[in-house]
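Here is the file work-v7.cif (mmCIF, C-alpha atoms).
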data_model
#
loop_
_atom_site.label_atom_id
_atom_site.label_comp_id
_atom_site.auth_asym_id
_atom_site.auth_seq_id
_atom_site.Cartn_x
_atom_site.Cartn_y
_atom_site.Cartn_z
CA MET A 761 43.78 -0.83 265.52
CA ARG A 762 41.90 1.43 263.13
CA ILE A 763 40.42 4.80 264.11
CA GLY A 764 36.89 5.93 263.25
CA TYR A 765 34.66 8.82 264.32
CA PHE A 766 31.93 8.76 266.98
CA LEU A 767 28.98 11.01 266.05
CA SER A 768 27.27 12.45 269.13
CA SER A 769 23.51 12.68 268.64
CA GLU A 770 23.36 14.34 272.07
CA GLU A 771 25.42 17.37 271.00
CA HIS A 772 24.59 17.91 267.34
CA GLY A 773 21.61 18.15 265.02
CA PRO A 774 21.27 15.90 261.97
CA GLY A 775 22.81 18.33 259.48
CA ALA A 776 25.89 18.84 261.64
CA LEU A 777 26.27 15.08 262.10
CA VAL A 778 26.24 14.55 258.34
CA ARG A 779 28.90 17.24 257.91
CA GLN A 780 31.09 15.62 260.58
CA ALA A 781 30.73 12.26 258.83
CA GLN A 782 31.94 13.82 255.60
CA LEU A 783 34.91 15.35 257.42
CA ALA A 784 35.74 11.94 258.86
CA GLU A 785 35.67 10.42 255.40
CA ASP A 786 37.76 13.24 253.95
CA HIS A 787 40.40 12.64 256.65
CA GLY A 788 40.61 8.91 256.04
CA LEU A 789 38.92 7.56 259.16
CA CYS A 790 37.70 3.99 259.00
CA GLY A 791 34.02 4.33 259.85
CA LEU A 792 31.31 5.94 261.95
CA TRP A 793 29.62 5.23 265.24
CA ILE A 794 26.43 7.13 266.07
CA SER A 795 24.60 7.28 269.40
CA ASP A 796 20.88 6.53 269.63
CA HIS A 797 19.10 8.63 272.27
CA TYR A 798 15.67 10.10 272.93
CA HIS A 799 17.15 12.64 275.37
CA PRO A 800 20.60 14.14 275.75
CA TRP A 801 22.32 13.48 279.07
CA ASN A 802 21.98 17.15 280.07
CA SER A 803 20.56 20.39 278.70
CA ALA A 804 24.00 21.77 277.74
CA GLN A 805 24.32 19.04 275.10
CA GLY A 806 20.99 20.19 273.75
CA GLN A 807 20.18 17.80 270.88
CA SER A 808 18.70 14.37 270.20
CA PRO A 809 17.60 13.75 266.60
CA PHE A 810 15.94 10.48 265.61
CA VAL A 811 18.88 8.27 264.73
CA TRP A 812 17.17 6.32 261.94
CA THR A 813 16.45 9.48 259.96
CA THR A 814 20.05 10.62 260.41
CA LEU A 815 21.32 7.21 259.33
CA GLY A 816 19.37 7.48 256.10
CA ALA A 817 21.19 10.70 255.31
CA LEU A 818 24.56 9.28 256.37
CA ALA A 819 24.08 6.22 254.18
CA ARG A 820 23.98 8.44 251.10
CA ALA A 821 26.35 11.22 252.20
CA THR A 822 29.43 9.01 252.75
CA MET A 823 30.72 5.57 251.86
CA LEU A 824 31.92 4.83 255.39
CA PRO A 825 30.67 1.87 257.43
CA LEU A 826 27.98 2.82 259.97
CA THR A 827 27.27 1.37 263.42
CA THR A 828 24.71 2.35 266.05
CA ALA A 829 26.42 2.72 269.42
CA VAL A 830 24.06 1.63 270.64
CA THR A 831 20.40 1.02 269.94
CA CYS A 832 18.18 -0.41 272.67
CA PRO A 833 15.73 -2.76 270.89
CA THR A 834 13.70 -3.70 273.95
CA THR A 835 11.52 -0.92 275.35
CA ARG A 836 11.13 2.35 273.46
CA LEU A 837 10.87 0.53 270.12
CA HIS A 838 9.78 -3.07 269.60
CA PRO A 839 12.48 -5.36 268.16
CA ALA A 840 10.35 -6.02 265.07
CA VAL A 841 10.44 -2.29 264.29
CA ILE A 842 14.19 -2.11 264.92
CA ALA A 843 14.65 -5.03 262.52
CA GLN A 844 12.82 -3.16 259.75
CA ALA A 845 14.78 0.04 260.39
CA ALA A 846 18.14 -1.76 260.40
CA ALA A 847 17.35 -3.74 257.25
CA THR A 848 16.35 -0.56 255.41
CA VAL A 849 19.52 1.29 256.43
CA SER A 850 21.59 -1.70 255.32
CA VAL A 851 19.93 -1.69 251.91
CA LEU A 852 20.32 2.07 251.56
CA SER A 853 24.00 1.91 252.56
CA GLU A 854 24.68 -1.11 250.31
CA GLY A 855 25.60 -3.34 253.22
CA ARG A 856 27.72 -0.89 255.20
CA PHE A 857 25.51 -0.92 258.30
CA THR A 858 26.08 -2.78 261.57
CA LEU A 859 23.39 -2.83 264.25
CA GLY A 860 24.97 -2.17 267.64
CA VAL A 861 22.56 -3.05 270.46
CA GLY A 862 22.51 -2.88 274.24
CA THR A 863 20.21 -2.94 277.24
CA GLY A 864 19.73 0.84 277.19
CA GLU A 865 19.22 3.51 279.81
CA ALA A 866 16.15 4.69 281.69
CA LEU A 867 16.98 8.17 280.36
CA ASN A 868 15.69 7.14 276.93
CA GLU A 869 13.50 4.12 277.55
CA HIS A 870 11.17 5.29 280.35
CA ILE A 871 9.32 7.73 278.09
CA LEU A 872 6.33 5.46 277.42
CA GLY A 873 5.63 5.13 281.13
CA GLY A 874 6.63 1.53 281.72
CA ARG A 875 8.65 0.33 284.70
CA TRP A 876 12.41 0.24 284.08
CA PRO A 877 13.40 -3.43 284.50
CA HIS A 878 16.18 -4.84 286.66
CA ALA A 879 19.53 -5.46 284.92
CA ASP A 880 19.05 -9.24 284.69
CA ILE A 881 15.65 -8.78 283.06
CA ARG A 882 17.07 -6.21 280.64
CA LEU A 883 19.68 -8.75 279.54
CA ALA A 884 17.02 -11.41 279.03
CA MET A 885 14.89 -8.96 277.05
CA LEU A 886 17.88 -8.09 274.87
CA GLU A 887 18.59 -11.75 274.13
CA GLU A 888 14.99 -12.36 273.07
CA ALA A 889 14.96 -9.15 271.01
CA VAL A 890 18.10 -10.17 269.12
CA GLU A 891 16.53 -13.55 268.35
CA ILE A 892 13.46 -11.82 266.85
CA ILE A 893 15.58 -9.39 264.81
CA ARG A 894 17.71 -12.20 263.37
CA ASP A 895 14.60 -14.19 262.43
CA LEU A 896 13.13 -11.18 260.62
CA PHE A 897 16.37 -10.53 258.72
CA SER A 898 15.71 -13.84 256.95
CA GLY A 899 12.89 -12.25 254.96
CA GLU A 900 10.57 -15.07 256.02
CA VAL A 901 7.30 -14.82 257.92
CA VAL A 902 7.96 -14.72 261.66
CA ASN A 903 5.62 -15.68 264.47
CA HIS A 904 6.98 -15.45 267.99
CA VAL A 905 5.46 -15.78 271.43
CA GLY A 906 8.11 -15.33 274.08
CA GLU A 907 8.51 -14.21 277.64
CA TYR A 908 8.71 -10.52 276.75
CA TYR A 909 7.60 -10.09 273.12
CA GLU A 910 4.99 -11.30 270.68
CA VAL A 911 5.26 -11.10 266.89
CA GLU A 912 2.37 -12.09 264.68
CA HIS A 913 2.91 -12.95 261.00
CA ALA A 914 5.59 -10.33 260.43
CA ARG A 915 7.78 -10.30 257.34
CA LEU A 916 10.39 -7.83 256.11
CA TYR A 917 10.08 -7.34 252.38
CA THR A 918 13.03 -4.95 252.08
CA VAL A 919 16.06 -6.89 253.26
CA PRO A 920 19.76 -6.74 252.36
CA GLU A 921 21.47 -9.57 250.48
CA SER A 922 23.17 -10.65 253.71
CA PRO A 923 21.71 -10.30 257.22
CA VAL A 924 22.83 -7.22 259.13
CA ALA A 925 25.61 -7.98 261.61
CA ILE A 926 24.58 -7.43 265.23
CA TYR A 927 27.23 -6.24 267.69
CA VAL A 928 26.30 -6.34 271.37
CA SER A 929 27.55 -3.93 274.01
CA GLY A 930 28.83 -4.91 277.42
CA PHE A 931 29.85 -2.81 280.43
CA GLY A 932 29.99 -5.60 282.99
CA PRO A 933 30.89 -9.30 283.02
CA SER A 934 27.34 -10.54 282.47
CA SER A 935 26.65 -8.31 279.48
CA ALA A 936 30.10 -8.96 277.98
CA SER A 937 29.48 -12.69 278.25
CA LEU A 938 26.06 -12.30 276.63
CA ALA A 939 27.71 -10.33 273.82
CA GLY A 940 30.16 -13.17 273.24
CA ARG A 941 27.34 -15.71 273.13
CA ILE A 942 24.80 -13.94 270.90
CA GLY A 943 26.68 -11.14 269.14
CA ASP A 944 28.54 -10.99 265.84
CA GLY A 945 30.88 -8.53 267.55
CA PHE A 946 31.45 -6.50 270.72
CA VAL A 947 31.04 -2.77 271.41
CA CYS A 948 32.12 -0.94 274.55
CA THR A 949 33.58 2.32 275.82
CA LYS A 950 35.93 0.83 278.41
CA ALA A 951 39.58 -0.13 277.90
CA ASP A 952 39.07 -3.04 280.28
CA SER A 953 40.74 -6.38 279.61
CA ALA A 954 38.28 -8.14 281.92
CA LEU A 955 35.44 -7.23 279.57
CA THR A 956 37.20 -8.18 276.34
CA SER A 957 38.32 -11.44 277.97
CA ALA A 958 34.77 -12.24 279.12
CA PHE A 959 33.52 -11.58 275.59
CA LYS A 960 36.10 -13.90 274.07
CA ALA A 961 35.60 -16.64 276.65
CA ALA A 962 31.84 -16.74 276.04
CA GLY A 963 32.18 -17.33 272.30
CA GLY A 964 33.51 -14.04 270.99
CA ALA A 965 37.06 -15.16 270.19
CA GLY A 966 37.89 -14.04 266.66
CA LYS A 967 34.86 -11.73 266.39
CA PRO A 968 35.33 -7.96 265.84
CA MET A 969 35.62 -5.69 268.87
CA GLN A 970 34.87 -1.97 268.65
CA ALA A 971 35.31 0.72 271.29
CA GLY A 972 34.44 4.39 271.62
CA MET A 973 35.92 7.26 273.61
CA LYS A 974 35.70 11.04 274.00
CA VAL A 975 38.40 13.66 273.49
CA CYS A 976 38.38 17.44 273.51
CA TRP A 977 40.77 19.44 271.35
CA ALA A 978 41.04 23.19 272.01
CA PRO A 979 43.87 25.74 271.63
CA SER A 980 44.67 25.35 275.35
CA LYS A 981 44.17 22.55 277.84
CA ASP A 982 42.20 24.85 280.15
CA ASP A 983 39.78 25.69 277.34
CA ALA A 984 39.41 22.03 276.44
CA VAL A 985 38.74 20.97 280.04
CA ALA A 986 36.13 23.72 280.40
CA THR A 987 34.38 22.56 277.22
CA ALA A 988 34.48 18.89 278.21
CA TYR A 989 33.13 19.73 281.66
CA ARG A 990 30.32 21.85 280.25
CA TYR A 991 29.05 19.16 277.89
CA TRP A 992 30.05 15.89 279.57
CA SER A 993 30.27 16.42 283.33
CA ASN A 994 28.09 13.31 283.54
CA ASP A 995 30.82 11.14 282.00
CA PRO A 996 32.67 10.20 285.24
CA LEU A 997 29.51 9.26 287.15
CA PRO A 998 30.10 5.83 288.73
CA GLY A 999 28.27 2.54 288.84
CA GLU A 1000 24.83 2.11 287.32
CA LEU A 1001 23.80 5.77 287.45
CA ALA A 1002 24.02 6.03 283.65
CA GLN A 1003 21.52 3.17 283.34
CA VAL A 1004 19.00 4.11 286.03
CA LEU A 1005 18.69 7.91 286.25
CA PRO A 1006 15.57 8.80 284.25
CA THR A 1007 15.91 12.44 283.17
CA PRO A 1008 18.50 15.00 282.02
CA GLU A 1009 17.63 16.97 285.16
CA HIS A 1010 18.69 14.03 287.34
CA PHE A 1011 22.01 13.80 285.50
CA GLU A 1012 22.55 17.52 286.01
CA GLN A 1013 21.93 17.08 289.73
CA ALA A 1014 24.29 14.12 289.99
CA SER A 1015 26.94 15.94 287.95
CA THR A 1016 27.24 18.66 290.59
CA LEU A 1017 29.41 16.08 292.41
CA VAL A 1018 31.84 16.00 289.45
CA THR A 1019 34.75 18.46 289.18
CA PRO A 1020 36.59 19.64 286.06
CA ASP A 1021 39.64 17.72 287.25
CA MET A 1022 37.62 14.51 287.33
CA VAL A 1023 36.55 15.08 283.72
CA ALA A 1024 40.14 15.83 282.69
CA GLU A 1025 41.27 12.54 284.23
CA ASN A 1026 38.83 10.62 282.01
CA ILE A 1027 39.06 12.59 278.76
CA PRO A 1028 42.20 13.63 276.82
CA CYS A 1029 42.02 17.42 276.55
CA GLY A 1030 44.00 20.15 274.84
CA PRO A 1031 46.51 20.63 272.01
CA ASP A 1032 49.15 18.07 273.07
CA PRO A 1033 48.81 14.91 270.92
CA GLU A 1034 50.60 12.62 273.39
CA PRO A 1035 47.63 12.10 275.80
CA TYR A 1036 45.46 11.13 272.83
CA VAL A 1037 47.95 8.54 271.62
CA GLU A 1038 48.40 7.19 275.14
CA ALA A 1039 44.63 6.82 275.54
CA PHE A 1040 44.28 5.12 272.16
CA ARG A 1041 47.04 2.68 273.08
CA LYS A 1042 45.09 1.48 276.12
CA TYR A 1043 42.28 0.31 273.84
CA ALA A 1044 44.69 -1.38 271.45
CA ASP A 1045 46.39 -3.17 274.33
CA VAL A 1046 43.17 -4.90 275.43
CA GLY A 1047 42.42 -6.13 271.93
CA TYR A 1048 40.02 -3.74 270.22
CA ASP A 1049 40.12 -3.79 266.43
CA GLU A 1050 38.57 -0.33 265.94
CA LEU A 1051 38.30 2.77 268.12
CA PHE A 1052 35.74 5.50 267.43
CA VAL A 1053 36.70 8.94 268.74
CA GLN A 1054 34.24 11.72 269.63
CA GLN A 1055 35.40 15.33 269.67
CA ILE A 1056 33.46 17.20 272.35
CA GLY A 1057 32.11 20.64 271.54
CA PRO A 1058 31.86 22.86 268.48
CA ASP A 1059 35.50 22.75 267.24
CA GLN A 1060 34.92 19.87 264.86
CA GLU A 1061 36.89 20.98 261.80
CA GLU A 1062 39.77 22.10 264.01
CA PHE A 1063 39.84 18.67 265.64
CA PHE A 1064 40.09 16.85 262.31
CA THR A 1065 42.96 19.10 261.26
CA PHE A 1066 44.72 18.47 264.59
CA PHE A 1067 44.14 14.74 264.30
CA ALA A 1068 45.57 14.56 260.77
CA LYS A 1069 48.61 16.77 261.46
CA GLU A 1070 49.51 15.92 265.06
CA VAL A 1071 48.01 12.59 266.11
CA GLU A 1072 48.13 10.39 263.03
CA PRO A 1073 51.91 10.74 262.53
CA LEU A 1074 52.47 9.55 266.11
CA LEU A 1075 50.11 6.63 265.58
CA ALA A 1076 51.90 5.68 262.39
CA ALA A 1077 55.25 5.84 264.20
#
Can the structure in the file be given as structure tokens, please?
Amino acid sequence: MRIGYFLSSEEHGPGALVRQAQLAEDHGLCGLWISDHYHPWNSAQGQSPFVWTTLGALARATMLPLTTAVTCPTTRLHPAVIAQAAATVSVLSEGRFTLGVGTGEALNEHILGGRWPHADIRLAMLEEAVEIIRDLFSGEVVNHVGEYYEVEHARLYTVPESPVAIYVSGFGPSSASLAGRIGDGFVCTKADSALTSAFKAAGGAGKPMQAGMKVCWAPSKDDAVATAYRYWSNDPLPGELAQVLPTPEHFEQASTLVTPDMVAENIPCGPDPEPYVEAFRKYADVGYDELFVQQIGPDQEEFFTFFAKEVEPLLAA
């Protein structure tokens, strides 16, 4: 399993994200994930740049592969617009871009005032959106009248030599199965064999599988837990809350039920490399090919130094 870096658009502005990408490349990581949000999860995170602008800068600032983790191509932006954006980034990055897609969260998608659909409808919308995006990647004129979208005489004139790969996220059995059926690969943040198995059984066997996770290096474990709790107290929230709560204020309210100990149970924290390696191993054991790691908080350069000196030797061993 190869290790890449997960750029957090919720915590960092575009310039900082580009610098982190360069650090990842300098330290030999395999690629970059980047989140696509309109809002952060809470006000402590404090950022949310437009991912397509940032991707343009990343495409020229490094030579690493790039993947959105993930873009919702169903509500906030029409799939025809996502297709144009993805094709342009692929051309600019000379084919190093993968479009990661998912059904999204109300947090980002409610902003235009529409009703947030039920999970089954969101999955159906995603399937139709992926069909439209693939058709447009052909560079041919596309007309489409479907259940959820209409496209009239649309053609992408700037397209890469090969269509952009589309990886589909899945956090439950239905979405993992959909990913296996329509995706070129799978993206997830759970080290859950049931999900990777569902993906493979539905047609994903042999396709790439990528995962992402959070860590928090700091000089002491207490400092790291405090930082992780400040920025990501929403991370342990259960069930569908991440998909249905509509505002950062709602996530802050729900996160009052989360304790620092709960965050520490979910996120490797502190200067000891062993918990990091143990967490990475869980993702390898369920079959992921690549794992993208997000350092929480401002200590980015210190994390990369720690990773190179303390974690990588244990992984190699």
Explicit residues for the PyMOL selection byres ((chain A and resi 964-968) around 7) (as a PDB file with C-alpha atoms, in the frame of the given file):
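File produced: expr_34.pdb:
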ATOM      1  CA  GLY A 940      30.160 -13.170 273.240  1.00  0.00           C
ATOM      2  CA  ARG A 941      27.340 -15.710 273.130  1.00  0.00           C
ATOM      3  CA  ASP A 944      28.540 -10.990 265.840  1.00  0.00           C
ATOM      4  CA  GLY A 945      30.880  -8.530 267.550  1.00  0.00           C
ATOM      5  CA  PHE A 946      31.450  -6.500 270.720  1.00  0.00           C
ATOM      6  CA  PHE A 959      33.520 -11.580 275.590  1.00  0.00           C
ATOM      7  CA  LYS A 960      36.100 -13.900 274.070  1.00  0.00           C
ATOM      8  CA  ALA A 961      35.600 -16.640 276.650  1.00  0.00           C
ATOM      9  CA  ALA A 962      31.840 -16.740 276.040  1.00  0.00           C
ATOM     10  CA  GLY A 963      32.180 -17.330 272.300  1.00  0.00           C
ATOM     11  CA  MET A 969      35.620  -5.690 268.870  1.00  0.00           C
ATOM     12  CA  GLN A 970      34.870  -1.970 268.650  1.00  0.00           C
ATOM     13  CA  ASP A1049      40.120  -3.790 266.430  1.00  0.00           C
TER      14      ASP A1049
END
Between A:Pro996, A:Pro800, A:Gly1030, A:Gly862, which is the closest to Lys981 in chain A once you count only C-alpha atoms?
A:Gly1030
Neighbouring residues of range 784-786 of chain A were defined as those with any atom within 7 Å, considering all atoms listed in the file; residues of the same chain fewer than 5 positions away were excluded. Please report them as a PyMOL selection string.
chain A and resi 765+822+824
Selection result for the PyMOL selection byres ((chain A and resi 1066-1068) around 9) on this file, as a VMD selection string:
chain A and resid 787 to 788 977 1031 1033 1061 to 1065 1069 to 1073
Residue among A:Ser795, A:Arg856, A:Phe931, A:Tyr908 lying closest to Gly999 in chain A, counting all atoms listed in the file:
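Closest to Gly999 in chain A of all the choices is A:Phe931.
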Spatial neighbours of Ala925 in chain A, max dist 9 Å, all atoms listed in the file, sep filter under 6 positions, as number ranges by chain
A: 857-860, 943-945
For Met973 in chain A, please output as an MDAnalysis selection string all residues within 8 Å (counting all atoms listed in the file; exclusion window: fewer than 6 positions along the same chain).
chainID A and resid 766 949 1051:1054
Rounded to one decimal in Å, what is the spacing between CA of Asp880 in chain A and CA of Val861 in chain A?
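Rounded to one decimal, the two atoms are 15.9 Å apart.
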Nearest-residue call for Ala846 in chain A, choices A:Leu886, A:Leu872, A:Val924, A:Leu818, using all atoms listed in the file:
A:Val924
Can you spell out as number ranges by chain the set of residues that the PyMOL selection byres ((chain A and resi 897) around 12) selects in the structure I just provided?
A: 839-848, 850-851, 859, 890-896, 898-902, 914-926
To one decimal place, how far is CA of Pro774 in chain A from CA of Pro809 in chain A in Å?
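We find that CA of Pro774 in chain A and CA of Pro809 in chain A lie 6.3 Å from each other.
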Could you check the closest approach to Asp1045 in chain A for each of A:Asp983, A:Glu771, A:Asp952, A:Glu1009 and tell me which residue wins, using all atoms listed in the file?
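Of the candidates, the smallest distance to Asp1045 in chain A is held by A:Asp952.
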Counting all atoms listed in the file, what is within 12 Å of Ala879 in chain A, bar same-chain residues fewer than 4 positions away, as a PDB file with C-alpha atoms, in the frame of the given file?
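Wrote around_4.pdb, looks like this:
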ATOM      1  CA  GLY A 862      22.510  -2.880 274.240  1.00  0.00           C
ATOM      2  CA  THR A 863      20.210  -2.940 277.240  1.00  0.00           C
ATOM      3  CA  GLY A 864      19.730   0.840 277.190  1.00  0.00           C
ATOM      4  CA  GLU A 865      19.220   3.510 279.810  1.00  0.00           C
ATOM      5  CA  ALA A 866      16.150   4.690 281.690  1.00  0.00           C
ATOM      6  CA  LEU A 883      19.680  -8.750 279.540  1.00  0.00           C
ATOM      7  CA  ALA A 884      17.020 -11.410 279.030  1.00  0.00           C
ATOM      8  CA  MET A 885      14.890  -8.960 277.050  1.00  0.00           C
ATOM      9  CA  LEU A 886      17.880  -8.090 274.870  1.00  0.00           C
ATOM     10  CA  GLY A 930      28.830  -4.910 277.420  1.00  0.00           C
ATOM     11  CA  PHE A 931      29.850  -2.810 280.430  1.00  0.00           C
ATOM     12  CA  GLY A 932      29.990  -5.600 282.990  1.00  0.00           C
ATOM     13  CA  SER A 934      27.340 -10.540 282.470  1.00  0.00           C
ATOM     14  CA  SER A 935      26.650  -8.310 279.480  1.00  0.00           C
ATOM     15  CA  GLU A1000      24.830   2.110 287.320  1.00  0.00           C
ATOM     16  CA  GLN A1003      21.520   3.170 283.340  1.00  0.00           C
ATOM     17  CA  VAL A1004      19.000   4.110 286.030  1.00  0.00           C
TER      18      VAL A1004
END
Top pick for closest residue to Phe1011 in chain A, considering A:Ala804, A:Leu767, A:Cys790, A:Val947 and counting only C-alpha atoms
A:Ala804
One-decimal distance in Å that lies between CA of Gly1047 in chain A and CA of Ser929 in chain A:
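It comes out at 15.2 Å.
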For a quick check of understanding, using all atoms listed in the file, which of A:Leu1074, A:Glu869, A:Asp1032, A:Ser768 has the smallest distance to Pro979 in chain A?
A:Asp1032
Polymer residues at most 9 Å from (33.0, 19.4, 275.6) by only C-alpha atoms, as a compact mmCIF listing (two decimals) with C-alpha atoms, keeping the file's coordinate frame:
# COMPACT_ATOMS: atom_id res chain seq x y z
CA GLN A 805 24.32 19.04 275.10
CA LYS A 974 35.70 11.04 274.00
CA VAL A 975 38.40 13.66 273.49
CA CYS A 976 38.38 17.44 273.51
CA TRP A 977 40.77 19.44 271.35
CA ALA A 984 39.41 22.03 276.44
CA VAL A 985 38.74 20.97 280.04
CA ALA A 986 36.13 23.72 280.40
CA THR A 987 34.38 22.56 277.22
CA ALA A 988 34.48 18.89 278.21
CA TYR A 989 33.13 19.73 281.66
CA ARG A 990 30.32 21.85 280.25
CA TYR A 991 29.05 19.16 277.89
CA TRP A 992 30.05 15.89 279.57
CA SER A 993 30.27 16.42 283.33
CA GLN A 1055 35.40 15.33 269.67
CA ILE A 1056 33.46 17.20 272.35
CA GLY A 1057 32.11 20.64 271.54
CA PRO A 1058 31.86 22.86 268.48
May I ask you to restore N, CA, C and O atoms in range 956-974 of chain A and write the result as a PDB file, keeping the file's coordinate frame?
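That gives us result34.pdb:
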ATOM      1  N   THR A 956      36.870  -7.542 277.614  1.00  0.00           N
ATOM      2  CA  THR A 956      37.200  -8.180 276.340  1.00  0.00           C
ATOM      3  C   THR A 956      37.485  -9.670 276.555  1.00  0.00           C
ATOM      4  O   THR A 956      37.142 -10.500 275.705  1.00  0.00           O
ATOM      5  N   SER A 957      38.072 -10.030 277.685  1.00  0.00           N
ATOM      6  CA  SER A 957      38.320 -11.440 277.970  1.00  0.00           C
ATOM      7  C   SER A 957      37.018 -12.205 278.189  1.00  0.00           C
ATOM      8  O   SER A 957      36.864 -13.345 277.719  1.00  0.00           O
ATOM      9  N   ALA A 958      36.068 -11.593 278.904  1.00  0.00           N
ATOM     10  CA  ALA A 958      34.770 -12.240 279.120  1.00  0.00           C
ATOM     11  C   ALA A 958      34.049 -12.447 277.797  1.00  0.00           C
ATOM     12  O   ALA A 958      33.414 -13.491 277.575  1.00  0.00           O
ATOM     13  N   PHE A 959      34.129 -11.456 276.920  1.00  0.00           N
ATOM     14  CA  PHE A 959      33.520 -11.580 275.590  1.00  0.00           C
ATOM     15  C   PHE A 959      34.124 -12.751 274.828  1.00  0.00           C
ATOM     16  O   PHE A 959      33.407 -13.598 274.280  1.00  0.00           O
ATOM     17  N   LYS A 960      35.434 -12.832 274.807  1.00  0.00           N
ATOM     18  CA  LYS A 960      36.100 -13.900 274.070  1.00  0.00           C
ATOM     19  C   LYS A 960      35.800 -15.276 274.666  1.00  0.00           C
ATOM     20  O   LYS A 960      35.533 -16.241 273.941  1.00  0.00           O
ATOM     21  N   ALA A 961      35.808 -15.360 275.990  1.00  0.00           N
ATOM     22  CA  ALA A 961      35.600 -16.640 276.650  1.00  0.00           C
ATOM     23  C   ALA A 961      34.204 -17.196 276.429  1.00  0.00           C
ATOM     24  O   ALA A 961      33.996 -18.412 276.456  1.00  0.00           O
ATOM     25  N   ALA A 962      33.239 -16.309 276.195  1.00  0.00           N
ATOM     26  CA  ALA A 962      31.840 -16.740 276.040  1.00  0.00           C
ATOM     27  C   ALA A 962      31.477 -17.043 274.585  1.00  0.00           C
ATOM     28  O   ALA A 962      30.302 -17.291 274.291  1.00  0.00           O
ATOM     29  N   GLY A 963      32.457 -17.028 273.703  1.00  0.00           N
ATOM     30  CA  GLY A 963      32.180 -17.330 272.300  1.00  0.00           C
ATOM     31  C   GLY A 963      32.572 -16.246 271.336  1.00  0.00           C
ATOM     32  O   GLY A 963      32.370 -16.382 270.131  1.00  0.00           O
ATOM     33  N   GLY A 964      33.171 -15.163 271.847  1.00  0.00           N
ATOM     34  CA  GLY A 964      33.510 -14.040 270.990  1.00  0.00           C
ATOM     35  C   GLY A 964      34.905 -14.079 270.399  1.00  0.00           C
ATOM     36  O   GLY A 964      35.276 -13.165 269.649  1.00  0.00           O
ATOM     37  N   ALA A 965      35.681 -15.090 270.704  1.00  0.00           N
ATOM     38  CA  ALA A 965      37.060 -15.160 270.190  1.00  0.00           C
ATOM     39  C   ALA A 965      37.040 -15.114 268.663  1.00  0.00           C
ATOM     40  O   ALA A 965      36.319 -15.872 268.008  1.00  0.00           O
ATOM     41  N   GLY A 966      37.828 -14.185 268.110  1.00  0.00           N
ATOM     42  CA  GLY A 966      37.890 -14.040 266.660  1.00  0.00           C
ATOM     43  C   GLY A 966      36.861 -13.094 266.077  1.00  0.00           C
ATOM     44  O   GLY A 966      36.943 -12.737 264.895  1.00  0.00           O
ATOM     45  N   LYS A 967      35.881 -12.667 266.876  1.00  0.00           N
ATOM     46  CA  LYS A 967      34.860 -11.730 266.390  1.00  0.00           C
ATOM     47  C   LYS A 967      35.376 -10.293 266.554  1.00  0.00           C
ATOM     48  O   LYS A 967      36.205 -10.014 267.420  1.00  0.00           O
ATOM     49  N   PRO A 968      34.873  -9.352 265.738  1.00  0.00           N
ATOM     50  CA  PRO A 968      35.330  -7.960 265.840  1.00  0.00           C
ATOM     51  C   PRO A 968      34.973  -7.334 267.180  1.00  0.00           C
ATOM     52  O   PRO A 968      33.925  -7.633 267.762  1.00  0.00           O
ATOM     53  N   MET A 969      35.862  -6.441 267.638  1.00  0.00           N
ATOM     54  CA  MET A 969      35.620  -5.690 268.870  1.00  0.00           C
ATOM     55  C   MET A 969      35.843  -4.211 268.594  1.00  0.00           C
ATOM     56  O   MET A 969      36.910  -3.804 268.134  1.00  0.00           O
ATOM     57  N   GLN A 970      34.817  -3.412 268.862  1.00  0.00           N
ATOM     58  CA  GLN A 970      34.870  -1.970 268.650  1.00  0.00           C
ATOM     59  C   GLN A 970      34.733  -1.248 269.984  1.00  0.00           C
ATOM     60  O   GLN A 970      33.991  -1.700 270.859  1.00  0.00           O
ATOM     61  N   ALA A 971      35.418  -0.112 270.092  1.00  0.00           N
ATOM     62  CA  ALA A 971      35.310   0.720 271.290  1.00  0.00           C
ATOM     63  C   ALA A 971      35.106   2.166 270.880  1.00  0.00           C
ATOM     64  O   ALA A 971      35.392   2.569 269.748  1.00  0.00           O
ATOM     65  N   GLY A 972      34.615   2.956 271.829  1.00  0.00           N
ATOM     66  CA  GLY A 972      34.440   4.390 271.620  1.00  0.00           C
ATOM     67  C   GLY A 972      34.961   5.171 272.804  1.00  0.00           C
ATOM     68  O   GLY A 972      34.946   4.681 273.939  1.00  0.00           O
ATOM     69  N   MET A 973      35.430   6.400 272.541  1.00  0.00           N
ATOM     70  CA  MET A 973      35.920   7.260 273.610  1.00  0.00           C
ATOM     71  C   MET A 973      35.748   8.713 273.212  1.00  0.00           C
ATOM     72  O   MET A 973      35.552   9.043 272.041  1.00  0.00           O
ATOM     73  N   LYS A 974      35.831   9.596 274.219  1.00  0.00           N
ATOM     74  CA  LYS A 974      35.700  11.040 274.000  1.00  0.00           C
ATOM     75  C   LYS A 974      37.057  11.720 274.141  1.00  0.00           C
ATOM     76  O   LYS A 974      37.891  11.294 274.949  1.00  0.00           O
TER      77      LYS A 974
END
